[in-house]
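Student: File coords.cif follows (mmCIF, C-alpha atoms):
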```cif
data_query
#
loop_
_atom_site.label_atom_id
_atom_site.label_comp_id
_atom_site.auth_asym_id
_atom_site.auth_seq_id
_atom_site.Cartn_x
_atom_site.Cartn_y
_atom_site.Cartn_z
CA MET S 1 0.00 0.00 0.00
CA GLU S 2 1.35 3.40 -1.02
CA THR S 3 1.27 6.18 1.54
CA ARG S 4 1.02 9.81 0.66
CA GLU S 5 2.65 12.57 2.61
CA LYS S 6 0.00 14.80 4.12
CA ARG S 7 0.35 18.50 3.43
CA SER S 8 -1.15 21.08 5.70
CA SER S 9 -2.99 24.08 4.30
CA THR S 10 -0.19 26.39 5.46
CA ASP S 11 2.51 24.76 3.34
CA LEU S 12 3.61 27.14 0.61
CA PRO S 13 4.58 25.96 -2.85
CA PRO S 14 8.23 26.22 -3.82
CA VAL S 15 9.49 29.42 -5.46
CA ALA S 16 8.86 29.49 -9.21
CA ASN S 17 12.21 29.23 -10.98
CA ALA S 18 10.74 29.82 -14.43
CA TYR S 19 13.36 32.27 -15.68
CA ASN S 20 16.94 31.09 -16.19
CA GLY S 21 16.86 29.01 -13.00
CA ILE S 22 16.70 32.08 -10.74
CA ASP S 23 13.83 33.36 -8.63
CA ARG S 24 11.56 35.35 -10.95
CA ASN S 25 11.13 38.09 -8.32
CA ALA S 26 14.86 38.59 -7.72
CA PHE S 27 16.04 42.16 -8.26
CA ILE S 28 18.91 41.59 -10.71
CA PHE S 29 20.52 44.33 -12.79
CA GLY S 30 21.05 43.84 -16.50
CA LEU S 31 19.05 42.65 -19.47
CA ASN S 32 17.24 39.63 -18.11
CA PRO S 33 13.63 38.50 -17.58
CA GLN S 34 13.66 39.62 -13.94
CA ALA S 35 14.53 43.18 -14.95
CA GLU S 36 11.65 43.19 -17.43
CA LEU S 37 9.22 42.10 -14.71
CA TRP S 38 10.42 44.85 -12.37
CA ASN S 39 10.27 47.40 -15.19
CA GLY S 40 6.64 46.52 -15.82
CA ARG S 41 5.76 46.65 -12.13
CA LEU S 42 7.38 50.05 -11.65
CA ALA S 43 5.71 51.38 -14.81
CA MET S 44 2.31 50.31 -13.45
CA ILE S 45 3.03 52.05 -10.14
CA GLY S 46 4.10 55.21 -12.00
CA PHE S 47 1.00 55.19 -14.18
CA LEU S 48 -1.27 54.77 -11.16
CA ALA S 49 0.59 57.57 -9.35
CA TYR S 50 0.06 59.89 -12.31
CA LEU S 51 -3.65 59.03 -12.49
CA LEU S 52 -4.06 59.84 -8.80
CA TRP S 53 -2.07 63.08 -9.27
CA ASP S 54 -4.32 63.95 -12.21
CA LEU S 55 -7.51 63.26 -10.27
CA ALA S 56 -6.25 65.46 -7.45
CA GLY S 57 -6.20 68.40 -9.89
CA TYR S 58 -2.48 68.74 -10.54
CA SER S 59 -2.58 67.68 -14.18
CA VAL S 60 0.28 68.95 -16.30
CA LEU S 61 -0.90 67.13 -19.41
CA ARG S 62 -4.37 68.72 -19.35
CA ASP S 63 -2.86 72.17 -18.86
CA VAL S 64 -0.37 71.77 -21.69
CA LEU S 65 -2.84 70.30 -24.18
CA HIS S 66 -5.76 72.49 -23.03
CA PHE S 67 -8.18 69.57 -22.73
CA ILE S 68 -10.55 71.43 -20.46
CA GLY S 69 -11.86 74.80 -21.56
CA TYR S 70 -11.66 77.50 -18.92
#
```
So that I can check it, write out the structure of this file as structure tokens.
Tutor:
Amino acid sequence: METREKRSSTDLPPVANAYNGIDRNAFIFGLNPQAELWNGRLAMIGFLAYLLWDLAGYSVLRDVLHFIGY
């Protein structure tokens, strides 16, 4: 009879080593897949920060392009 090892619900899966055998969330400098992931994450944070800045009324883009008539 084969026995299975019981896993508790708190056991976490191993770290995904999908990119070149290194942790995909590692902060590594250079041209590599990890840098591309971090670039995308930071771009999303920057875009969200600009949207919040724009909603707060400090829009530079609207003032320069005169989107809203005064």
Student: Please indicate the distance in Å from CA of Asn39 in chain S to CA of Phe27 in chain S, rounded to one decimal place.
Tutor: 10.4 Å
Student: Could you tell me how far CA of Arg62 in chain S sits from CA of Gly46 in chain S, in Å to one decimal place?
Tutor: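 Spanning CA of Gly46 in chain S to CA of Arg62 in chain S is a straight-line distance of 17.6 Å.
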Student: So how many Å separate CA of Leu31 in chain S and CA of Phe47 in chain S, to one decimal?
Tutor: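 CA of Phe47 in chain S lies 22.6 Å from CA of Leu31 in chain S.
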Student: Need the shell around Asn25 in chain S: protein/DNA/RNA residues with any atom at most 8 Å away, counting only C-alpha atoms. Skip same-chain ones fewer than 2 positions apart. Format as a ChimeraX atom specification?
Tutor: /S:23,27,34,37-38
Student: Could you write those residues out with C-alpha atoms, as a PDB file, in the frame of the given file?
Tutor:
```pdb
ATOM      1  CA  ASP S  23      13.830  33.360  -8.630  1.00  0.00           C
ATOM      2  CA  PHE S  27      16.040  42.160  -8.260  1.00  0.00           C
ATOM      3  CA  GLN S  34      13.660  39.620 -13.940  1.00  0.00           C
ATOM      4  CA  LEU S  37       9.220  42.100 -14.710  1.00  0.00           C
ATOM      5  CA  TRP S  38      10.420  44.850 -12.370  1.00  0.00           C
TER       6      TRP S  38
END
```
Student: Give me the box for range 32-44 of chain S as AutoDock Vina command-line options, namely the centre and edge lengths in Å to one decimal of a box along x, y and z that holds every listed atom plus 4 Å on each side.
Tutor:
```
--center_x 9.8 --center_y 44.9 --center_z -14.9 --size_x 22.9 --size_y 20.9 --size_z 14.5
```
